[in-house]
Amino acid sequence: MKTFLSIGSGPGMGYATAARFAREGFQIVLSARNPTNTRELADRLKAKGYRAEVRTVNSADPDSVAALIAEVEKQFGSIDVLHYNAASIRKATLSEQPRATIVQDLAVNVGGALVATQAVTQQMSERRSGTILLTGGGLSLAPNSEFISLSIGKAGIRALTLGTFESLKRKGIHVATVTVSTAVAPDSEAAEAVAECFWHLHSQPIDKWTAEVVYPG
């Protein structure tokens, strides 16, 4: 059974994407800082007959992210699909933020994605197989001064994807992002649509691999 690891498993796009892959027979591992909320999402998947487990991770802590990757690989043998969905959504201009929150936000919004990508590609490279999916945002294309740390973070997600796409493709690894340019509520049509975009990216044959889908198109 293939394994799908979600980092930053929230009730919106995180849950919808995990459920989409669960329908295709994947073992699901959900992870976030709050194990109670994550467990509720896992229970929803289990109620539908899917296999789901819960782990705790601090996406702002590189050691925590790397340890999670190692633990899941040890238990399940491989991570076939990684979905990085963690984000710190803070409404604040640059002048309104203390330095500590700026650093914290960037650690979650892009630092954790960098560490997770670096960690998971080690085994994927050996297998010459794997998919890395990153939740992007329209703020990477149109930054907003009132959400400056999220804007910078989503720009980083897009740069990470486009900057590593070709080199990882040569190793058999598909890295891709869905640049989400609208608000997405839990259990919404938009959440389901984004999940479908991620499944589409994962399902592409290698000669058709693309690095980015913008939603709505």
# chains A, B, ... in the order shown; residues from 1 in each chain; ligands from 1
$ residues_around --residues "range 85-100 of chain A" --least-positions-apart "3" --cutoff "9 Å" --atoms "only C-alpha atoms" --output "mmCIF file with all heavy atoms, in the first residue's frame"
data_model
loop_
_atom_site.group_PDB
_atom_site.id
_atom_site.type_symbol
_atom_site.label_atom_id
_atom_site.label_comp_id
_atom_site.auth_asym_id
_atom_site.auth_seq_id
_atom_site.Cartn_x
_atom_site.Cartn_y
_atom_site.Cartn_z
ATOM 1 N N SER A 6 0.657 13.956 4.957
ATOM 2 C CA SER A 6 0.218 15.344 4.944
ATOM 3 C C SER A 6 0.838 16.078 6.126
ATOM 4 O O SER A 6 0.706 15.641 7.261
ATOM 5 C CB SER A 6 -1.312 15.405 5.035
ATOM 6 O OG SER A 6 -1.762 16.723 5.257
ATOM 7 N N ILE A 7 1.511 17.182 5.849
ATOM 8 C CA ILE A 7 2.068 18.036 6.893
ATOM 9 C C ILE A 7 1.278 19.340 6.890
ATOM 10 O O ILE A 7 1.218 20.046 5.887
ATOM 11 C CB ILE A 7 3.562 18.312 6.660
ATOM 12 C CG1 ILE A 7 4.360 17.008 6.703
ATOM 13 C CG2 ILE A 7 4.098 19.306 7.698
ATOM 14 C CD1 ILE A 7 5.854 17.185 6.440
ATOM 15 N N GLY A 8 0.681 19.647 8.042
ATOM 16 C CA GLY A 8 -0.213 20.797 8.107
ATOM 17 C C GLY A 8 -1.611 20.390 7.699
ATOM 18 O O GLY A 8 -2.235 21.012 6.835
ATOM 19 N N SER A 9 -2.110 19.326 8.332
ATOM 20 C CA SER A 9 -3.379 18.716 7.928
ATOM 21 C C SER A 9 -4.559 19.451 8.539
ATOM 22 O O SER A 9 -5.015 19.113 9.637
ATOM 23 C CB SER A 9 -3.406 17.240 8.361
ATOM 24 O OG SER A 9 -2.245 16.566 7.935
ATOM 25 N N GLY A 10 -5.043 20.449 7.837
ATOM 26 C CA GLY A 10 -6.195 21.204 8.312
ATOM 27 C C GLY A 10 -7.494 20.653 7.755
ATOM 28 O O GLY A 10 -7.499 19.720 6.940
ATOM 29 N N MET A 13 -8.272 22.247 2.632
ATOM 30 C CA MET A 13 -7.547 21.584 1.538
ATOM 31 C C MET A 13 -6.759 20.370 2.025
ATOM 32 O O MET A 13 -6.615 19.385 1.292
ATOM 33 C CB MET A 13 -6.612 22.589 0.865
ATOM 34 C CG MET A 13 -7.342 23.700 0.130
ATOM 35 S SD MET A 13 -6.235 24.919 -0.600
ATOM 36 C CE MET A 13 -5.681 25.814 0.859
ATOM 37 N N GLY A 14 -6.246 20.435 3.260
ATOM 38 C CA GLY A 14 -5.478 19.313 3.785
ATOM 39 C C GLY A 14 -6.312 18.060 3.878
ATOM 40 O O GLY A 14 -5.920 16.993 3.384
ATOM 41 N N ALA A 32 0.070 17.571 12.277
ATOM 42 C CA ALA A 32 -0.048 19.003 12.564
ATOM 43 C C ALA A 32 0.370 19.212 14.016
ATOM 44 O O ALA A 32 0.715 18.258 14.721
ATOM 45 C CB ALA A 32 -1.470 19.501 12.317
ATOM 46 N N SER A 59 5.839 22.467 12.285
ATOM 47 C CA SER A 59 6.379 22.794 10.961
ATOM 48 C C SER A 59 7.435 23.888 10.998
ATOM 49 O O SER A 59 8.210 24.024 10.049
ATOM 50 C CB SER A 59 5.241 23.213 10.027
ATOM 51 O OG SER A 59 4.317 22.163 9.876
ATOM 52 N N VAL A 103 9.933 35.795 11.652
ATOM 53 C CA VAL A 103 10.780 34.602 11.534
ATOM 54 C C VAL A 103 9.943 33.330 11.704
ATOM 55 O O VAL A 103 10.100 32.359 10.959
ATOM 56 C CB VAL A 103 11.919 34.653 12.573
ATOM 57 C CG1 VAL A 103 12.683 33.339 12.591
ATOM 58 C CG2 VAL A 103 12.859 35.816 12.262
ATOM 59 N N GLN A 104 9.037 33.345 12.674
ATOM 60 C CA GLN A 104 8.179 32.194 12.919
ATOM 61 C C GLN A 104 7.298 31.899 11.705
ATOM 62 O O GLN A 104 7.162 30.749 11.280
ATOM 63 C CB GLN A 104 7.300 32.448 14.144
ATOM 64 C CG GLN A 104 6.295 31.343 14.457
ATOM 65 C CD GLN A 104 6.940 30.164 15.160
ATOM 66 O OE1 GLN A 104 8.100 30.233 15.556
ATOM 67 N NE2 GLN A 104 6.181 29.089 15.299
ATOM 68 N N ASP A 105 6.690 32.933 11.141
ATOM 69 C CA ASP A 105 5.825 32.740 9.980
ATOM 70 C C ASP A 105 6.592 32.157 8.801
ATOM 71 O O ASP A 105 6.118 31.232 8.129
ATOM 72 C CB ASP A 105 5.195 34.070 9.558
ATOM 73 C CG ASP A 105 4.153 34.570 10.541
ATOM 74 O OD1 ASP A 105 3.779 33.812 11.461
ATOM 75 O OD2 ASP A 105 3.712 35.726 10.399
ATOM 76 N N LEU A 106 7.761 32.695 8.532
ATOM 77 C CA LEU A 106 8.531 32.208 7.390
ATOM 78 C C LEU A 106 9.019 30.781 7.620
ATOM 79 O O LEU A 106 9.129 29.991 6.675
ATOM 80 C CB LEU A 106 9.711 33.138 7.105
ATOM 81 C CG LEU A 106 9.334 34.539 6.624
ATOM 82 C CD1 LEU A 106 10.587 35.369 6.351
ATOM 83 C CD2 LEU A 106 8.476 34.464 5.371
ATOM 84 N N VAL A 108 7.342 28.466 9.151
ATOM 85 C CA VAL A 108 6.201 27.603 8.834
ATOM 86 C C VAL A 108 5.895 27.640 7.347
ATOM 87 O O VAL A 108 5.726 26.593 6.696
ATOM 88 C CB VAL A 108 4.955 28.031 9.632
ATOM 89 C CG1 VAL A 108 3.729 27.231 9.185
ATOM 90 C CG2 VAL A 108 5.179 27.860 11.123
ATOM 91 N N ASN A 109 5.811 28.840 6.780
ATOM 92 C CA ASN A 109 5.286 29.008 5.428
ATOM 93 C C ASN A 109 6.207 28.498 4.332
ATOM 94 O O ASN A 109 5.728 28.078 3.276
ATOM 95 C CB ASN A 109 4.965 30.486 5.182
ATOM 96 C CG ASN A 109 3.796 30.959 6.020
ATOM 97 O OD1 ASN A 109 2.987 30.173 6.485
ATOM 98 N ND2 ASN A 109 3.713 32.269 6.231
ATOM 99 N N VAL A 110 7.521 28.531 4.583
ATOM 100 C CA VAL A 110 8.427 28.037 3.547
ATOM 101 C C VAL A 110 9.562 27.185 4.111
ATOM 102 O O VAL A 110 9.991 26.227 3.469
ATOM 103 C CB VAL A 110 8.985 29.204 2.693
ATOM 104 C CG1 VAL A 110 9.926 30.083 3.489
ATOM 105 C CG2 VAL A 110 9.653 28.680 1.435
ATOM 106 N N GLY A 112 9.610 24.950 6.586
ATOM 107 C CA GLY A 112 9.205 23.566 6.762
ATOM 108 C C GLY A 112 9.097 22.823 5.447
ATOM 109 O O GLY A 112 9.423 21.633 5.361
ATOM 110 N N ALA A 113 8.640 23.521 4.406
ATOM 111 C CA ALA A 113 8.537 22.901 3.087
ATOM 112 C C ALA A 113 9.917 22.560 2.528
ATOM 113 O O ALA A 113 10.113 21.504 1.915
ATOM 114 C CB ALA A 113 7.793 23.828 2.133
ATOM 115 N N LEU A 133 3.909 17.452 -3.231
ATOM 116 C CA LEU A 133 2.860 18.422 -3.529
ATOM 117 C C LEU A 133 2.893 19.544 -2.505
ATOM 118 O O LEU A 133 2.884 19.287 -1.303
ATOM 119 C CB LEU A 133 1.494 17.729 -3.506
ATOM 120 C CG LEU A 133 1.326 16.549 -4.478
ATOM 121 C CD1 LEU A 133 -0.004 15.853 -4.229
ATOM 122 C CD2 LEU A 133 1.432 17.029 -5.925
ATOM 123 N N LEU A 134 2.918 20.766 -2.975
ATOM 124 C CA LEU A 134 3.035 21.934 -2.100
ATOM 125 C C LEU A 134 1.846 22.860 -2.326
ATOM 126 O O LEU A 134 1.532 23.222 -3.467
ATOM 127 C CB LEU A 134 4.330 22.688 -2.384
ATOM 128 C CG LEU A 134 5.627 21.847 -2.365
ATOM 129 C CD1 LEU A 134 6.811 22.698 -2.812
ATOM 130 C CD2 LEU A 134 5.874 21.269 -0.987
ATOM 131 N N THR A 135 1.175 23.231 -1.245
ATOM 132 C CA THR A 135 0.046 24.152 -1.360
ATOM 133 C C THR A 135 0.555 25.576 -1.528
ATOM 134 O O THR A 135 1.152 26.145 -0.614
ATOM 135 C CB THR A 135 -0.870 24.065 -0.133
ATOM 136 O OG1 THR A 135 -1.381 22.730 -0.014
ATOM 137 C CG2 THR A 135 -2.045 25.022 -0.266
ATOM 138 N N GLY A 136 0.345 26.110 -2.702
ATOM 139 C CA GLY A 136 0.758 27.476 -2.989
ATOM 140 C C GLY A 136 -0.388 28.449 -2.803
ATOM 141 O O GLY A 136 -1.468 28.090 -2.332
ATOM 142 N N ASN A 144 0.324 40.882 -1.009
ATOM 143 C CA ASN A 144 -0.546 41.804 -0.274
ATOM 144 C C ASN A 144 0.223 42.312 0.938
ATOM 145 O O ASN A 144 0.682 41.524 1.768
ATOM 146 C CB ASN A 144 -1.822 41.071 0.161
ATOM 147 C CG ASN A 144 -2.840 41.981 0.803
ATOM 148 O OD1 ASN A 144 -2.512 42.918 1.525
ATOM 149 N ND2 ASN A 144 -4.115 41.699 0.554
ATOM 150 N N SER A 145 0.334 43.641 1.053
ATOM 151 C CA SER A 145 1.124 44.213 2.144
ATOM 152 C C SER A 145 0.536 43.883 3.508
ATOM 153 O O SER A 145 1.260 43.867 4.503
ATOM 154 C CB SER A 145 1.225 45.732 1.979
ATOM 155 O OG SER A 145 -0.064 46.336 2.081
ATOM 156 N N GLU A 146 -0.769 43.612 3.586
ATOM 157 C CA GLU A 146 -1.398 43.292 4.867
ATOM 158 C C GLU A 146 -1.200 41.833 5.261
ATOM 159 O O GLU A 146 -1.489 41.464 6.399
ATOM 160 C CB GLU A 146 -2.889 43.629 4.813
ATOM 161 C CG GLU A 146 -3.155 45.112 4.688
ATOM 162 C CD GLU A 146 -4.620 45.457 4.826
ATOM 163 O OE1 GLU A 146 -5.460 44.528 4.796
ATOM 164 O OE2 GLU A 146 -4.928 46.647 4.977
ATOM 165 N N PHE A 147 -0.743 41.023 4.347
ATOM 166 C CA PHE A 147 -0.401 39.624 4.628
ATOM 167 C C PHE A 147 1.023 39.379 4.117
ATOM 168 O O PHE A 147 1.265 38.479 3.320
ATOM 169 C CB PHE A 147 -1.384 38.666 3.946
ATOM 170 C CG PHE A 147 -2.767 38.690 4.529
ATOM 171 C CD1 PHE A 147 -3.713 39.591 4.056
ATOM 172 C CD2 PHE A 147 -3.115 37.835 5.565
ATOM 173 C CE1 PHE A 147 -4.996 39.613 4.582
ATOM 174 C CE2 PHE A 147 -4.396 37.857 6.105
ATOM 175 C CZ PHE A 147 -5.339 38.747 5.613
ATOM 176 N N ILE A 148 1.954 40.194 4.590
ATOM 177 C CA ILE A 148 3.284 40.195 3.983
ATOM 178 C C ILE A 148 4.054 38.905 4.234
ATOM 179 O O ILE A 148 4.724 38.388 3.340
ATOM 180 C CB ILE A 148 4.102 41.441 4.444
ATOM 181 C CG1 ILE A 148 5.353 41.600 3.585
ATOM 182 C CG2 ILE A 148 4.417 41.382 5.928
ATOM 183 C CD1 ILE A 148 5.064 41.853 2.119
ATOM 184 N N SER A 149 3.955 38.334 5.441
ATOM 185 C CA SER A 149 4.722 37.115 5.705
ATOM 186 C C SER A 149 4.161 35.929 4.930
ATOM 187 O O SER A 149 4.905 35.066 4.468
ATOM 188 C CB SER A 149 4.762 36.807 7.205
ATOM 189 O OG SER A 149 3.466 36.659 7.733
ATOM 190 N N LEU A 150 2.837 35.881 4.752
ATOM 191 C CA LEU A 150 2.244 34.821 3.945
ATOM 192 C C LEU A 150 2.578 35.024 2.469
ATOM 193 O O LEU A 150 2.838 34.058 1.745
ATOM 194 C CB LEU A 150 0.727 34.780 4.150
ATOM 195 C CG LEU A 150 -0.023 33.643 3.452
ATOM 196 C CD1 LEU A 150 0.478 32.287 3.924
ATOM 197 C CD2 LEU A 150 -1.525 33.769 3.687
ATOM 198 N N GLY A 153 6.011 33.852 2.009
ATOM 199 C CA GLY A 153 6.040 32.400 2.127
ATOM 200 C C GLY A 153 5.529 31.708 0.879
ATOM 201 O O GLY A 153 6.138 30.733 0.403
ATOM 202 N N LYS A 154 4.417 32.182 0.324
ATOM 203 C CA LYS A 154 3.877 31.546 -0.879
ATOM 204 C C LYS A 154 4.770 31.789 -2.088
ATOM 205 O O LYS A 154 4.880 30.929 -2.974
ATOM 206 C CB LYS A 154 2.450 32.043 -1.142
ATOM 207 C CG LYS A 154 1.438 31.563 -0.114
ATOM 208 C CD LYS A 154 1.469 30.037 0.051
ATOM 209 C CE LYS A 154 0.444 29.533 1.052
ATOM 210 N NZ LYS A 154 0.557 28.072 1.293
#
$ residues_around --residues "Leu141 in chain A" --least-positions-apart "6" --cutoff "10 Å" --atoms "only C-alpha atoms" --output "list in words"
Ser151, Lys154, Ala155, Arg158, Thr179 and Ser181 of chain A
$ atom_distance --atom1 "CA of Asp61 in chain A" --atom2 "CA of Val81 in chain A"
21.1 Å
$ select_by_dssp --residues "range 160-189 of chain A" --states "helix (DSSP H, G or I)" --output "list of chain:residue names"
A:Leu160, A:Thr161, A:Leu162, A:Gly163, A:Thr164, A:Phe165, A:Glu166, A:Ser167, A:Leu168, A:Lys169, A:Glu189
$ closest_residue --among "A:Gln204, A:Thr3, A:Thr101, A:Ser188" --to "Gly25 in chain A" --atoms "only C-alpha atoms"
A:Thr3
$ closest_residue --among "A:Gly130, A:Gly217, A:Gly156, A:Pro11" --to "Ala193 in chain A" --atoms "only C-alpha atoms"
A:Gly217
$ residues_around --residues "Leu5 in chain A" --least-positions-apart "2" --cutoff "9 Å" --atoms "only C-alpha atoms" --output "VMD selection string"
chain A and resid 3 7 18 27 to 31 69 72 79 to 84
$ atom_distance --atom1 "CA of Pro205 in chain A" --atom2 "CA of Ser125 in chain A"
17.6 Å
$ residues_around --residues "Thr17 in chain A" --least-positions-apart "2" --cutoff "9 Å" --atoms "only C-alpha atoms" --output "count of residues only"
17
$ closest_residue --among "A:Thr38, A:Ser64, A:Ala52, A:Ala16" --to "Ala185 in chain A" --atoms "only C-alpha atoms"
A:Ala16
$ atom_distance --atom1 "CA of Leu160 in chain A" --atom2 "CA of Gln118 in chain A"
10.8 Å
$ closest_residue --among "A:Gly137, A:Thr177, A:Arg127, A:Ala107" --to "Thr164 in chain A" --atoms "only C-alpha atoms"
A:Thr177
